[in-house]
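Below is one structure, written out as structure tokens; the observations come after it.
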Amino acid sequence: MNDLIFRPRRLRRTPLLRRMVQETSLDAADFIYPLFVRHGSGLQIPIRSMPGQCQWSPDTLVVEASRAFDEGIPAVILFGIPETKDACGSENWNPEGIIPTTIRALKKACPELLVISDMCFCEYTDHGHCGVLDEAGYLLNDPTLELLGKASVVHAEAGADIIAPSGMMDGMIGAIRGALDSAGLVNTVTMSYAAKYASGFYGPFRDAAESPPQFGDRGQYQMDPANRREALREVALDVEQGADILMVKPALAYLDIIREVRDAYELPLAAYQVSGEYAMLHAAAQNGWIDLQRCALESLVSIKRAGADMILTYFARDAVRWLAER
Ligand code: PBG
């Protein structure tokens, strides 16, 4: 007879025992579903590098988002592909632009669904950077802040519940909060992409949103993947400026950052499982090297275990189905 006192395997003996001691679980209410929208009608254009994801037109997006809502997903985040682009991204504050138009249609069809507007200029500028540039091609921070405020008011007036600035401009939360409050939109929530890294995992998104930078990269505004103290500093600044919800992005390669932000702040925390994380799992599964459902759910539960309260994920609808099947 062995004299072992502790036998952790005792609690793993049966499926029911394992379920009883499970520390983290996933639920439809955890997910935020990202959707891409362009002008037109009846569109459902598959995105090659993101199997199962599409560019929608406002009418088909409403159907897709309503399905997600009926399945228990509380929120969608919208990315627009505008008809025209210019140097300052003026289509972003056009009240008849793609996002305001889509938000109004969504709110009419499905008023309770939370609509998040990704607030950035890269989809709207002809140079593909996240704001206005000087002659040398340097992204000007403060002039961009003013435009972010202006566009946020337009999206919020169209019905967006949450404005989520993703451009990593200094002061973006303060500027947007100020603009919303001045317009009387005190209850519009801000969700800050507070710690957003300059990541290779955004690759497929740039096909999906048709927004690659035409020169250079985003290293002058997004963070160096090597940095952790800087992430805490970025989060602190957004908290001071009044952010309601924080976000870390990407998720899987930054689980340590999610945990640190979770431990250091009380605000709700989101994490973005980005396009490259989604594409990577699909690609390996298509080769027969991993099981998609198992690995996708494992990734999602890891993100939640690390401390995220909510997860932006292209797997949202799949995950809800898989969880129900289990
Ligand atoms: C816009 C934005 C990007 C993503 C979300 N908002 C692209 C980028 O920063 O280059 C990436 C999302 C994804 O890869 O799924 N600034």
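Ordering of the structure tokens sets the chain letters (A, B, ...), residue numbers begin anew at 1 in every chain, and ligands are numbered from 1 in the order given.
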Each segment 141-231 of chain A residue no farther than 10 Å from segment 270-288 of chain A, nearest pair in Å, only C-alpha atoms, as a Markdown table:
| residue | atom | partner | partner_atom | distance |
| --- | --- | --- | --- | --- |
| A:Met191 | CA | A:Ala270 | CA | 8.5 |
| A:Ser192 | CA | A:Ala270 | CA | 9.1 |
| A:Tyr193 | CA | A:Ala270 | CA | 8.8 |
| A:Ala194 | CA | A:Ala270 | CA | 9.9 |
| A:Ala195 | CA | A:Ala271 | CA | 9.8 |
| A:Lys196 | CA | A:Tyr272 | CA | 9.5 |
| A:Ser199 | CA | A:Gly276 | CA | 9.3 |
| A:Gly200 | CA | A:Gly276 | CA | 7.6 |
| A:Phe201 | CA | A:Gly276 | CA | 4.2 |
| A:Tyr202 | CA | A:Gly276 | CA | 5.6 |
| A:Gly203 | CA | A:Gly276 | CA | 6.1 |
| A:Pro204 | CA | A:Ser275 | CA | 5.5 |
| A:Phe205 | CA | A:Ser275 | CA | 5.5 |
| A:Arg206 | CA | A:Ser275 | CA | 9.0 |
| A:Asp207 | CA | A:Ser275 | CA | 10.0 |
| A:Ala208 | CA | A:Ser275 | CA | 9.0 |
Just the selected residues (C-alpha atoms), exported as a short mmCIF file (atom, residue, chain, number, x, y, z; two decimals), in the first residue's frame, please.
data_model
loop_
_atom_site.label_atom_id
_atom_site.label_comp_id
_atom_site.auth_asym_id
_atom_site.auth_seq_id
_atom_site.Cartn_x
_atom_site.Cartn_y
_atom_site.Cartn_z
CA MET A 191 -15.01 50.03 -24.59
CA SER A 192 -11.35 50.79 -25.01
CA TYR A 193 -8.94 48.67 -27.01
CA ALA A 194 -6.65 49.72 -24.17
CA ALA A 195 -3.77 47.34 -24.72
CA LYS A 196 -3.63 46.62 -28.43
CA SER A 199 0.32 41.97 -34.18
CA GLY A 200 0.83 39.71 -37.16
CA PHE A 201 -2.37 37.96 -36.10
CA TYR A 202 -4.46 40.74 -37.70
CA GLY A 203 -3.47 39.46 -41.17
CA PRO A 204 -6.81 37.97 -42.28
CA PHE A 205 -8.76 40.96 -40.89
CA ARG A 206 -7.06 43.19 -43.42
CA ASP A 207 -8.59 41.07 -46.23
CA ALA A 208 -11.93 41.09 -44.47
#
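Counting only C-alpha atoms, Trp93 of chain A has the following residues at most 10 Å away, ignoring those fewer than 5 positions along the same chain: Ile98, Ile99, Pro100, Tyr124, Leu147, Leu148, Gly149, Lys150, Ala151, Ser152, Val153, Val154 and His155 of chain A.
Here atom CA of Ser166 of chain A and atom CA of Ala183 of chain A stand 21.5 Å from one another.
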DSSP strand (DSSP E or B) residues within segment 139-261 of chain A, as a CSV table (one decimal) with C-alpha atoms, in the first residue's frame:
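Final output, saved to states06.csv:
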chain,number,residue,atom,x,y,z
A,139,LEU,CA,0.0,59.9,-37.9
A,162,ILE,CA,-21.0,51.0,-27.2
A,163,ILE,CA,-18.2,52.9,-29.0
A,164,ALA,CA,-15.0,50.9,-29.1
A,165,PRO,CA,-12.0,52.9,-30.3
A,189,VAL,CA,-20.6,53.2,-23.2
A,190,THR,CA,-16.9,53.3,-24.2
A,191,MET,CA,-15.0,50.0,-24.6
A,192,SER,CA,-11.3,50.8,-25.0
A,193,TYR,CA,-8.9,48.7,-27.0
A,194,ALA,CA,-6.7,49.7,-24.2
A,195,ALA,CA,-3.8,47.3,-24.7
A,196,LYS,CA,-3.6,46.6,-28.4
A,197,TYR,CA,-0.5,45.1,-29.8
A,223,MET,CA,2.2,48.3,-28.9
A,245,ILE,CA,-14.8,48.5,-20.4
A,246,LEU,CA,-11.2,47.6,-21.1
A,247,MET,CA,-9.9,45.3,-23.8
A,248,VAL,CA,-6.7,43.3,-24.4
A,249,LYS,CA,-6.0,42.3,-28.0
If DSSP is run on the backbone, what residues of segment 97-261 of chain A are helix (DSSP H, G or I)? A reply as a VMD selection string would be ideal.
chain A and resid 98 to 109 141 to 158 172 to 182 200 to 208 229 to 240 252 to 261
Residues near His39 of chain A, cut-off 8 Å, only C-alpha atoms, skip fewer than 3 positions along chain, as a PyMOL selection string:
chain A and resi 57-58+81-83+98
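Distances here use only C-alpha atoms and all ligand atoms; by that measure, the residue among A:Arg9, A:Arg262, A:Arg218, A:Arg67 closest to ligand 1 is A:Arg218.
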Under the rule that only C-alpha atoms are counted, which of A:Gln55, A:Ala324, A:Gln44, A:Leu252 is the nearest residue to Glu298 of chain A?
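Among A:Gln55, A:Ala324, A:Gln44, A:Leu252, it is A:Leu252 that comes nearest to Glu298 of chain A.
Minimum atom-to-atom distances from A:Leu16, A:Met168, A:Ile311, A:Ala319 to ligand 1 were compared using only C-alpha atoms and all ligand atoms, and the lowest value belongs to A:Met168.
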What is the atom CA of Ala65 of chain A to atom CA of Phe31 of chain A distance in Å?
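Atom CA of Phe31 of chain A lies 12.6 Å from atom CA of Ala65 of chain A.
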